[in-house]
Amino acid sequence: MSRLKIAMLASECYPFAKIGGLADVVSGLSRALHAAGHEVIIILPKYAVLDAEQHGLRPFISPLSVWMGDTQEWCATYTTTYGGIPVYFIEFERYFGRPGLYNDAEFHNYPDNAWRFGFFTRAALQLCHEIGFAPDIVHAHDWQTALAPAYLKLWHWNDPVLGGAASVLTIHNLAHQGRYPADAYAYLGLQAANFTAEKFEEFGELNCLKGGLYYADLATTVSPTYARETRTPSGANGFAPFLARKGDHYLGIVNGVDYEQWNPASDHYLPNHFSPHALVGKATLKLALQRRVQLEPNADIPLIGVVSRLVEQKGLDLLAEALEAIMRAMLVQFVILGTGEKNLEWYFGPLPERYPGRIGSYIGYSEELAHWIVAGADFFLMPSYFEPCGLNQIYALKYGTLPIVRATGGLDDTVRQYDEASGAGTGFKFVEPSARSVYDTVGWAVSTYYDRKPHLRQLMATAMHEDFSWAQQVKAYVAAYEQAMTNKRAL
Ligand code: ADP
Ligand code: GLC
């Protein structure tokens with residue numbers, strides 16, 4: 001295997017900037033590529049929320065000139081290293097000197113996001129050029145950096161540094177396509193002739209993901225099932241024809257997870273640890289978690305955890321609809337951690353007052369509490385309408401916290417259905433997106449907890465031995481990179 005040079009362009013990367021799973025994937029994949037001997041650099045925006053001192057950022061090339069259409073912008077760059085990987089940051093006060101990554105405190109997207117991330121992407125490529133980093137692969141993630149393949153083909157085809165780079169675009173979520181008013185288009189410098197229905201235009205608006213996809217040498221998404229779903233009209237948010245056009249150049253690769261961050265035997269957020277052969281630590285943690293979130297401390301009541309962005313995709317309205325009936329019919333506890341859309345925050349926030357000692361909830365973002373819930377709960381609920389991959393259920397498996405999930409996308413690919421006859425499987429799955437299904441499946445998990453203890457232990461043991469490490473998954477990415485390089489050469 002040859003040593004590849006990869007430039008990772010992303011809007012999130014743990015531990016620098018994180019909203020959801022994208023950050024974990026960019027970080028974990030980069031580290032695994034680095035560990036496998038490839039040369040990786042990561043380029044990120046320097047958001048105002050980023051703690052430059054904590055992460056040891058040093059000033060780098062400044063000023064950096066970036067041409068956006070006819071406008072010349074000047075920005076600054078910073079650098080640090082993360083696990084031996086050089087990480088670069090683009091600083092531009094006008095776009096990134098604000099509190100949110102994508103939206104304001106009311107959860108409204110910033111109206112100039114297309115300008116912001118188009119600029120970032122162009123600046124990131126310009127930085128590669130300046131430092132003479134000639135990648136074999138430019139790996140872009142989601143709509144925010146989806147313009148990279150287009151910039152490479154339109155502006156850098158003849159560039160001695162970037163001209164040889166093949167592009168890979170990974171779609172983490174088709175619900176976000178970067179659709180913004182067409183007046184951003186001229187600034188992005190993608191040439192008026194390309195504002196067509198085949199490339200960037202959609203019902204008169206700009207669609208960044210669609211244009212990026214057109215130019216990418218290879219597209220991937222984060223699970224085989226989501227790749228299949230997104231080839232069908234009902235699962236593709238309008239993208240089915242564009243993905244169909246990619247043919248074999250659109251693949252699904254299940255996300256890996258970083259077991260250095262998420263491991264019950266060493267998790268540094270936890271006060272005590274456990275392993276498949278020594279589960280007492282899990283029972284201790286459950287009690288500590290119950291106390292921490294003001295639940296009745298009782299080892300014998302099943303505890304169901306939720307850690308989620310509170311957005312429509314996650315299907316938590318189905319839980320809301322089923323919850324009263326669940327609380328009436330079952331002796332069960334819930335702990336819920338999340339932040340996002342206000343209507344969901346307003347529903348889940350006050351639940352502990354309605355069900356004192358039985359439901360704990362925390363509206364906000366807390367890495368530490370997320371680890372406690374994943375580790376201390378008995379079950380982990382994800383009733384998503386769609387889920388490109390989902391990471392939390394994979395983390396939960398490692399901690400013997402059995403996932404209760406809707407069989408969609410990566411949830412279906414990573415959780416194996418419990419078989420009541422043999423005790424095989426790793427979790428509980430349902431198909432229909434309804435409150436009734438949530439009720440029934442939670443009921444199934446709870447009855448297993450009370451009535452089939454040997455099966456519960458068997459499920460936990462099987463779950464804890466599942467391996468979704470990046471060391472495994474990275475091989476598929478390297479194969480995809482090689483395929484992208486072949487595609488580029490074939491042009
Ligand atoms: P998505 O990217 O769609 O949000 P994933 O399951 O892939 O879904 O990843 C979610 C990631 O974000 C997980 O690492 C999860 O622990 C984390 N997360 C989500 N909400 C919160 C929160 N409120 N506090 C802490 N971590 C959170
Ligand atoms: C997106 C998806 C999620 C996936 C994550 C990382 O946020 O919603 O399912 O796990 O990206 O790929």
# chains A, B, ... in the order shown; residues from 1 in each chain; ligands from 1
>>> select_by_dssp(residues="segment 136-265 of chain A", states="alpha helix (DSSP H)", output="compact mmCIF listing (two decimals) with C-alpha atoms, in the first residue's frame")
# COMPACT_ATOMS: atom_id res chain seq x y z
CA ASP A 142 -20.95 17.71 4.01
CA TRP A 143 -22.18 20.82 2.22
CA GLN A 144 -19.92 23.14 4.17
CA THR A 145 -16.81 21.98 2.32
CA LEU A 147 -17.31 23.13 -2.96
CA ALA A 148 -13.74 21.81 -2.67
CA PRO A 149 -14.14 19.32 -5.56
CA ALA A 150 -15.55 22.14 -7.71
CA TYR A 151 -12.73 24.56 -6.84
CA LEU A 152 -10.16 21.87 -7.59
CA LYS A 153 -11.61 21.24 -11.04
CA LEU A 154 -12.39 24.86 -11.93
CA TRP A 155 -9.44 26.71 -10.41
CA TYR A 185 -23.14 32.49 -6.26
CA ALA A 186 -21.10 35.29 -7.82
CA TYR A 187 -19.05 35.68 -4.63
CA LEU A 188 -18.23 31.96 -4.61
CA CYS A 208 -23.76 23.72 -2.56
CA LEU A 209 -23.92 19.97 -1.96
CA LYS A 210 -25.42 19.24 -5.35
CA GLY A 211 -22.71 21.19 -7.17
CA GLY A 212 -19.94 19.65 -5.08
CA LEU A 213 -21.29 16.17 -5.73
CA TYR A 214 -21.24 16.81 -9.46
CA TYR A 215 -17.51 17.55 -9.38
CA PRO A 224 -24.39 1.11 3.34
CA THR A 225 -28.08 1.23 4.29
CA TYR A 226 -28.17 5.03 4.11
CA ALA A 227 -26.41 4.78 0.74
CA ARG A 228 -29.24 2.49 -0.42
CA GLU A 229 -31.97 4.63 1.14
CA ALA A 240 -31.88 10.39 -5.78
CA PRO A 241 -31.19 11.34 -9.42
CA PHE A 242 -27.90 13.06 -8.60
CA LEU A 243 -26.71 10.11 -6.53
CA ALA A 244 -27.88 7.67 -9.20
CA ARG A 245 -25.78 9.60 -11.69
CA LYS A 246 -22.68 8.80 -9.60
>>> select_by_dssp(residues="segment 28-152 of chain A", states="strand (DSSP E)", output="PDB file with N, CA, C and O atoms, in the first residue's frame")
ATOM      1  N   GLU A  39      -0.130  10.443   5.398  1.00  0.00           N
ATOM      2  CA  GLU A  39       0.182  11.809   5.823  1.00  0.00           C
ATOM      3  C   GLU A  39      -1.092  12.643   5.730  1.00  0.00           C
ATOM      4  O   GLU A  39      -1.637  12.836   4.638  1.00  0.00           O
ATOM      5  N   VAL A  40      -1.555  13.120   6.867  1.00  0.00           N
ATOM      6  CA  VAL A  40      -2.842  13.821   6.916  1.00  0.00           C
ATOM      7  C   VAL A  40      -2.644  15.228   7.447  1.00  0.00           C
ATOM      8  O   VAL A  40      -1.856  15.436   8.373  1.00  0.00           O
ATOM      9  N   ILE A  41      -3.350  16.180   6.855  1.00  0.00           N
ATOM     10  CA  ILE A  41      -3.494  17.480   7.506  1.00  0.00           C
ATOM     11  C   ILE A  41      -4.991  17.765   7.622  1.00  0.00           C
ATOM     12  O   ILE A  41      -5.783  17.270   6.813  1.00  0.00           O
ATOM     13  N   ILE A  42      -5.357  18.534   8.645  1.00  0.00           N
ATOM     14  CA  ILE A  42      -6.769  18.897   8.845  1.00  0.00           C
ATOM     15  C   ILE A  42      -6.859  20.423   8.765  1.00  0.00           C
ATOM     16  O   ILE A  42      -6.010  21.119   9.341  1.00  0.00           O
ATOM     17  N   ILE A  43      -7.860  20.928   8.064  1.00  0.00           N
ATOM     18  CA  ILE A  43      -8.049  22.385   8.008  1.00  0.00           C
ATOM     19  C   ILE A  43      -9.464  22.713   8.479  1.00  0.00           C
ATOM     20  O   ILE A  43     -10.442  22.118   8.009  1.00  0.00           O
ATOM     21  N   LEU A  44      -9.541  23.657   9.421  1.00  0.00           N
ATOM     22  CA  LEU A  44     -10.819  24.013  10.067  1.00  0.00           C
ATOM     23  C   LEU A  44     -10.976  25.523  10.117  1.00  0.00           C
ATOM     24  O   LEU A  44      -9.982  26.250  10.113  1.00  0.00           O
ATOM     25  N   PRO A  45     -12.210  26.014  10.251  1.00  0.00           N
ATOM     26  CA  PRO A  45     -12.385  27.438  10.532  1.00  0.00           C
ATOM     27  C   PRO A  45     -11.960  27.732  11.975  1.00  0.00           C
ATOM     28  O   PRO A  45     -12.105  26.877  12.846  1.00  0.00           O
ATOM     29  N   ARG A  58      -0.789  28.421  17.246  1.00  0.00           N
ATOM     30  CA  ARG A  58       0.274  29.385  16.972  1.00  0.00           C
ATOM     31  C   ARG A  58      -0.038  30.104  15.667  1.00  0.00           C
ATOM     32  O   ARG A  58      -0.548  29.485  14.720  1.00  0.00           O
ATOM     33  N   PRO A  59       0.293  31.415  15.596  1.00  0.00           N
ATOM     34  CA  PRO A  59       0.070  32.118  14.334  1.00  0.00           C
ATOM     35  C   PRO A  59       0.869  31.449  13.222  1.00  0.00           C
ATOM     36  O   PRO A  59       1.991  30.995  13.431  1.00  0.00           O
ATOM     37  N   LEU A  64      -3.162  35.790   4.351  1.00  0.00           N
ATOM     38  CA  LEU A  64      -3.344  34.859   3.231  1.00  0.00           C
ATOM     39  C   LEU A  64      -4.377  35.489   2.300  1.00  0.00           C
ATOM     40  O   LEU A  64      -5.461  35.864   2.751  1.00  0.00           O
ATOM     41  N   SER A  65      -4.023  35.595   1.037  1.00  0.00           N
ATOM     42  CA  SER A  65      -4.950  36.207   0.072  1.00  0.00           C
ATOM     43  C   SER A  65      -5.855  35.128  -0.517  1.00  0.00           C
ATOM     44  O   SER A  65      -5.395  34.057  -0.910  1.00  0.00           O
ATOM     45  N   VAL A  66      -7.139  35.420  -0.549  1.00  0.00           N
ATOM     46  CA  VAL A  66      -8.110  34.456  -1.081  1.00  0.00           C
ATOM     47  C   VAL A  66      -9.031  35.182  -2.056  1.00  0.00           C
ATOM     48  O   VAL A  66      -9.697  36.148  -1.679  1.00  0.00           O
ATOM     49  N   TRP A  67      -9.050  34.725  -3.274  1.00  0.00           N
ATOM     50  CA  TRP A  67      -9.936  35.340  -4.265  1.00  0.00           C
ATOM     51  C   TRP A  67     -11.300  34.687  -4.237  1.00  0.00           C
ATOM     52  O   TRP A  67     -11.441  33.493  -4.440  1.00  0.00           O
ATOM     53  N   MET A  68     -12.324  35.502  -3.982  1.00  0.00           N
ATOM     54  CA  MET A  68     -13.705  35.032  -4.035  1.00  0.00           C
ATOM     55  C   MET A  68     -14.371  35.782  -5.188  1.00  0.00           C
ATOM     56  O   MET A  68     -14.674  36.972  -5.060  1.00  0.00           O
ATOM     57  N   THR A  71     -13.655  39.433  -5.704  1.00  0.00           N
ATOM     58  CA  THR A  71     -13.290  40.065  -4.429  1.00  0.00           C
ATOM     59  C   THR A  71     -12.046  39.402  -3.855  1.00  0.00           C
ATOM     60  O   THR A  71     -12.004  38.173  -3.725  1.00  0.00           O
ATOM     61  N   GLN A  72     -11.078  40.217  -3.488  1.00  0.00           N
ATOM     62  CA  GLN A  72      -9.912  39.647  -2.812  1.00  0.00           C
ATOM     63  C   GLN A  72     -10.086  39.810  -1.314  1.00  0.00           C
ATOM     64  O   GLN A  72     -10.248  40.924  -0.820  1.00  0.00           O
ATOM     65  N   GLU A  73     -10.076  38.704  -0.590  1.00  0.00           N
ATOM     66  CA  GLU A  73     -10.181  38.741   0.871  1.00  0.00           C
ATOM     67  C   GLU A  73      -8.806  38.426   1.451  1.00  0.00           C
ATOM     68  O   GLU A  73      -8.020  37.705   0.839  1.00  0.00           O
ATOM     69  N   TRP A  74      -8.576  38.925   2.649  1.00  0.00           N
ATOM     70  CA  TRP A  74      -7.325  38.637   3.353  1.00  0.00           C
ATOM     71  C   TRP A  74      -7.661  38.014   4.696  1.00  0.00           C
ATOM     72  O   TRP A  74      -8.451  38.561   5.446  1.00  0.00           O
ATOM     73  N   CYS A  75      -7.074  36.880   4.984  1.00  0.00           N
ATOM     74  CA  CYS A  75      -7.359  36.258   6.269  1.00  0.00           C
ATOM     75  C   CYS A  75      -6.051  35.876   6.954  1.00  0.00           C
ATOM     76  O   CYS A  75      -4.977  36.037   6.387  1.00  0.00           O
ATOM     77  N   ALA A  76      -6.182  35.364   8.181  1.00  0.00           N
ATOM     78  CA  ALA A  76      -5.006  34.896   8.921  1.00  0.00           C
ATOM     79  C   ALA A  76      -5.132  33.394   9.127  1.00  0.00           C
ATOM     80  O   ALA A  76      -6.232  32.840   9.068  1.00  0.00           O
ATOM     81  N   THR A  77      -4.012  32.741   9.366  1.00  0.00           N
ATOM     82  CA  THR A  77      -4.075  31.300   9.624  1.00  0.00           C
ATOM     83  C   THR A  77      -3.289  30.975  10.896  1.00  0.00           C
ATOM     84  O   THR A  77      -2.393  31.723  11.291  1.00  0.00           O
ATOM     85  N   TYR A  78      -3.689  29.876  11.510  1.00  0.00           N
ATOM     86  CA  TYR A  78      -3.060  29.404  12.750  1.00  0.00           C
ATOM     87  C   TYR A  78      -2.777  27.921  12.593  1.00  0.00           C
ATOM     88  O   TYR A  78      -3.353  27.261  11.729  1.00  0.00           O
ATOM     89  N   THR A  79      -1.952  27.400  13.473  1.00  0.00           N
ATOM     90  CA  THR A  79      -1.686  25.964  13.408  1.00  0.00           C
ATOM     91  C   THR A  79      -1.439  25.382  14.792  1.00  0.00           C
ATOM     92  O   THR A  79      -1.085  26.088  15.742  1.00  0.00           O
ATOM     93  N   THR A  80      -1.678  24.087  14.889  1.00  0.00           N
ATOM     94  CA  THR A  80      -1.313  23.315  16.075  1.00  0.00           C
ATOM     95  C   THR A  80      -1.153  21.869  15.609  1.00  0.00           C
ATOM     96  O   THR A  80      -1.291  21.591  14.421  1.00  0.00           O
ATOM     97  N   THR A  81      -0.861  20.965  16.525  1.00  0.00           N
ATOM     98  CA  THR A  81      -0.870  19.554  16.130  1.00  0.00           C
ATOM     99  C   THR A  81      -1.822  18.806  17.037  1.00  0.00           C
ATOM    100  O   THR A  81      -2.048  19.181  18.193  1.00  0.00           O
ATOM    101  N   TYR A  82      -2.374  17.738  16.494  1.00  0.00           N
ATOM    102  CA  TYR A  82      -3.302  16.907  17.260  1.00  0.00           C
ATOM    103  C   TYR A  82      -2.900  15.450  17.025  1.00  0.00           C
ATOM    104  O   TYR A  82      -3.013  14.963  15.892  1.00  0.00           O
ATOM    105  N   ILE A  85      -0.801  15.094  14.087  1.00  0.00           N
ATOM    106  CA  ILE A  85      -1.360  15.562  12.813  1.00  0.00           C
ATOM    107  C   ILE A  85      -1.347  17.094  12.788  1.00  0.00           C
ATOM    108  O   ILE A  85      -1.864  17.723  13.720  1.00  0.00           O
ATOM    109  N   PRO A  86      -0.791  17.695  11.738  1.00  0.00           N
ATOM    110  CA  PRO A  86      -0.873  19.157  11.661  1.00  0.00           C
ATOM    111  C   PRO A  86      -2.320  19.603  11.428  1.00  0.00           C
ATOM    112  O   PRO A  86      -3.014  19.052  10.575  1.00  0.00           O
ATOM    113  N   VAL A  87      -2.757  20.570  12.228  1.00  0.00           N
ATOM    114  CA  VAL A  87      -4.106  21.118  12.062  1.00  0.00           C
ATOM    115  C   VAL A  87      -3.965  22.603  11.786  1.00  0.00           C
ATOM    116  O   VAL A  87      -3.210  23.302  12.484  1.00  0.00           O
ATOM    117  N   TYR A  88      -4.646  23.079  10.758  1.00  0.00           N
ATOM    118  CA  TYR A  88      -4.584  24.496  10.388  1.00  0.00           C
ATOM    119  C   TYR A  88      -5.956  25.126  10.555  1.00  0.00           C
ATOM    120  O   TYR A  88      -6.984  24.456  10.367  1.00  0.00           O
ATOM    121  N   PHE A  89      -5.944  26.407  10.885  1.00  0.00           N
ATOM    122  CA  PHE A  89      -7.199  27.126  11.121  1.00  0.00           C
ATOM    123  C   PHE A  89      -7.226  28.383  10.270  1.00  0.00           C
ATOM    124  O   PHE A  89      -6.215  29.089  10.168  1.00  0.00           O
ATOM    125  N   ILE A  90      -8.379  28.663   9.687  1.00  0.00           N
ATOM    126  CA  ILE A  90      -8.561  29.877   8.906  1.00  0.00           C
ATOM    127  C   ILE A  90      -9.306  30.877   9.786  1.00  0.00           C
ATOM    128  O   ILE A  90     -10.435  30.603  10.225  1.00  0.00           O
ATOM    129  N   GLU A  91      -8.671  32.003  10.037  1.00  0.00           N
ATOM    130  CA  GLU A  91      -9.321  33.042  10.841  1.00  0.00           C
ATOM    131  C   GLU A  91      -9.824  34.146   9.931  1.00  0.00           C
ATOM    132  O   GLU A  91      -9.075  34.661   9.091  1.00  0.00           O
ATOM    133  N   ILE A 137      -5.339  13.251  -2.089  1.00  0.00           N
ATOM    134  CA  ILE A 137      -6.783  13.313  -1.857  1.00  0.00           C
ATOM    135  C   ILE A 137      -7.140  14.579  -1.086  1.00  0.00           C
ATOM    136  O   ILE A 137      -6.529  14.878  -0.055  1.00  0.00           O
ATOM    137  N   VAL A 138      -8.130  15.292  -1.576  1.00  0.00           N
ATOM    138  CA  VAL A 138      -8.788  16.317  -0.761  1.00  0.00           C
ATOM    139  C   VAL A 138     -10.110  15.702  -0.326  1.00  0.00           C
ATOM    140  O   VAL A 138     -10.936  15.322  -1.166  1.00  0.00           O
ATOM    141  N   HIS A 139     -10.268  15.548   0.986  1.00  0.00           N
ATOM    142  CA  HIS A 139     -11.477  14.903   1.509  1.00  0.00           C
ATOM    143  C   HIS A 139     -12.377  15.969   2.120  1.00  0.00           C
ATOM    144  O   HIS A 139     -12.031  16.590   3.128  1.00  0.00           O
ATOM    145  N   ALA A 140     -13.530  16.185   1.482  1.00  0.00           N
ATOM    146  CA  ALA A 140     -14.489  17.199   1.937  1.00  0.00           C
ATOM    147  C   ALA A 140     -15.650  16.513   2.654  1.00  0.00           C
ATOM    148  O   ALA A 140     -15.980  15.358   2.354  1.00  0.00           O
ATOM    149  N   HIS A 141     -16.253  17.229   3.597  1.00  0.00           N
ATOM    150  CA  HIS A 141     -17.331  16.654   4.399  1.00  0.00           C
ATOM    151  C   HIS A 141     -18.549  17.561   4.415  1.00  0.00           C
ATOM    152  O   HIS A 141     -18.469  18.712   4.835  1.00  0.00           O
TER     153      HIS A 141
END
>>> residues_near_ligand(ligand="ligand 2", cutoff="7 Å", atoms="only C-alpha atoms and all ligand atoms", output="MDAnalysis selection string")
chainID A and resid 20:22 25 172:173 222 255 387:391 410
>>> residues_near_ligand(ligand="ligand 1", cutoff="9 Å", atoms="only C-alpha atoms and all ligand atoms", output="PyMOL selection string")
chain A and resi 18-25+172-173+255+307-311+313-314+336-340+362-371+374+382+387-395
>>> residues_around(residues="Trp470 of chain A", least_positions_apart="5", cutoff="8 Å", atoms="only C-alpha atoms", output="VMD selection string")
chain A and resid 28 to 29 32 255 to 258
>>> write_last_selection(atoms="C-alpha atoms", output="short mmCIF file (atom, residue, chain, number, x, y, z; two decimals), in the first residue's frame")
data_model
loop_
_atom_site.label_atom_id
_atom_site.label_comp_id
_atom_site.auth_asym_id
_atom_site.auth_seq_id
_atom_site.Cartn_x
_atom_site.Cartn_y
_atom_site.Cartn_z
CA GLY A 28 -11.18 9.60 14.37
CA LEU A 29 -10.69 8.98 10.66
CA ALA A 32 -6.60 6.26 12.06
CA ASN A 255 -18.34 5.14 10.61
CA GLY A 256 -15.69 3.89 12.94
CA VAL A 257 -15.47 5.02 16.52
CA ASP A 258 -12.55 6.04 18.62
#
>>> closest_residue(among="A:Asn343, A:Asn237, A:Thr401, A:Gln54", to="Pro264 of chain A", atoms="only C-alpha atoms")
A:Thr401
>>> atom_distance(atom1="atom CA of Glu353 of chain A", atom2="atom CA of Gln294 of chain A")
10.8 Å
>>> residues_around(residues="segment 299-302 of chain A", least_positions_apart="3", cutoff="8 Å", atoms="only C-alpha atoms", output="PyMOL selection string")
chain A and resi 283+286-287+331-333+377-379+446+449
>>> closest_residue(among="A:Ser275, A:Ser234, A:Thr448, A:Ser361", to="Gln290 of chain A", atoms="only C-alpha atoms")
A:Ser361
>>> closest_residue(among="A:Leu319, A:Leu169, A:Leu206, A:Met327", to="Leu190 of chain A", atoms="only C-alpha atoms")
A:Leu206
>>> decode(residues="segment 337-384 of chain A", atoms="C-alpha atoms", output="PDB file, in the first residue's frame")
ATOM      1  CA  LEU A 337     -29.421  15.087  27.484  1.00  0.00           C
ATOM      2  CA  GLY A 338     -29.808  17.331  24.479  1.00  0.00           C
ATOM      3  CA  THR A 339     -30.004  20.749  22.972  1.00  0.00           C
ATOM      4  CA  GLY A 340     -31.465  22.130  19.770  1.00  0.00           C
ATOM      5  CA  GLU A 341     -34.925  23.130  18.583  1.00  0.00           C
ATOM      6  CA  LYS A 342     -36.812  25.157  21.144  1.00  0.00           C
ATOM      7  CA  ASN A 343     -40.097  23.215  21.033  1.00  0.00           C
ATOM      8  CA  LEU A 344     -38.228  20.009  21.938  1.00  0.00           C
ATOM      9  CA  GLU A 345     -36.185  21.767  24.623  1.00  0.00           C
ATOM     10  CA  TRP A 346     -39.410  23.138  26.137  1.00  0.00           C
ATOM     11  CA  TYR A 347     -40.933  19.683  26.196  1.00  0.00           C
ATOM     12  CA  PHE A 348     -37.994  17.688  27.551  1.00  0.00           C
ATOM     13  CA  GLY A 349     -36.599  20.347  29.928  1.00  0.00           C
ATOM     14  CA  PRO A 350     -39.452  20.350  32.485  1.00  0.00           C
ATOM     15  CA  LEU A 351     -40.109  16.575  32.462  1.00  0.00           C
ATOM     16  CA  PRO A 352     -38.314  15.983  35.806  1.00  0.00           C
ATOM     17  CA  GLU A 353     -40.947  18.186  37.475  1.00  0.00           C
ATOM     18  CA  ARG A 354     -43.734  16.069  36.019  1.00  0.00           C
ATOM     19  CA  TYR A 355     -42.043  12.770  36.859  1.00  0.00           C
ATOM     20  CA  PRO A 356     -39.812  13.454  39.870  1.00  0.00           C
ATOM     21  CA  GLY A 357     -37.330  10.677  40.538  1.00  0.00           C
ATOM     22  CA  ARG A 358     -38.311   8.915  37.315  1.00  0.00           C
ATOM     23  CA  ILE A 359     -37.094  11.241  34.556  1.00  0.00           C
ATOM     24  CA  GLY A 360     -33.929  13.310  34.621  1.00  0.00           C
ATOM     25  CA  SER A 361     -33.195  15.772  31.842  1.00  0.00           C
ATOM     26  CA  TYR A 362     -30.502  18.289  31.084  1.00  0.00           C
ATOM     27  CA  ILE A 363     -30.901  20.819  28.280  1.00  0.00           C
ATOM     28  CA  GLY A 364     -27.433  21.746  27.123  1.00  0.00           C
ATOM     29  CA  TYR A 365     -24.220  20.257  25.860  1.00  0.00           C
ATOM     30  CA  SER A 366     -22.009  18.227  28.171  1.00  0.00           C
ATOM     31  CA  GLU A 367     -19.355  15.775  27.025  1.00  0.00           C
ATOM     32  CA  GLU A 368     -19.011  14.487  30.553  1.00  0.00           C
ATOM     33  CA  LEU A 369     -22.699  13.815  31.136  1.00  0.00           C
ATOM     34  CA  ALA A 370     -22.912  12.180  27.689  1.00  0.00           C
ATOM     35  CA  HIS A 371     -20.229   9.698  28.774  1.00  0.00           C
ATOM     36  CA  TRP A 372     -21.973   9.069  32.089  1.00  0.00           C
ATOM     37  CA  ILE A 373     -25.283   8.338  30.347  1.00  0.00           C
ATOM     38  CA  VAL A 374     -23.782   6.091  27.692  1.00  0.00           C
ATOM     39  CA  ALA A 375     -21.947   4.206  30.434  1.00  0.00           C
ATOM     40  CA  GLY A 376     -24.476   4.139  33.266  1.00  0.00           C
ATOM     41  CA  ALA A 377     -27.804   3.526  31.522  1.00  0.00           C
ATOM     42  CA  ASP A 378     -29.157   0.057  30.743  1.00  0.00           C
ATOM     43  CA  PHE A 379     -30.596   1.019  27.363  1.00  0.00           C
ATOM     44  CA  PHE A 380     -29.934   3.780  24.841  1.00  0.00           C
ATOM     45  CA  LEU A 381     -32.844   5.072  22.754  1.00  0.00           C
ATOM     46  CA  MET A 382     -32.569   6.459  19.207  1.00  0.00           C
ATOM     47  CA  PRO A 383     -35.968   6.507  17.448  1.00  0.00           C
ATOM     48  CA  SER A 384     -34.610   8.434  14.430  1.00  0.00           C
TER      49      SER A 384
END
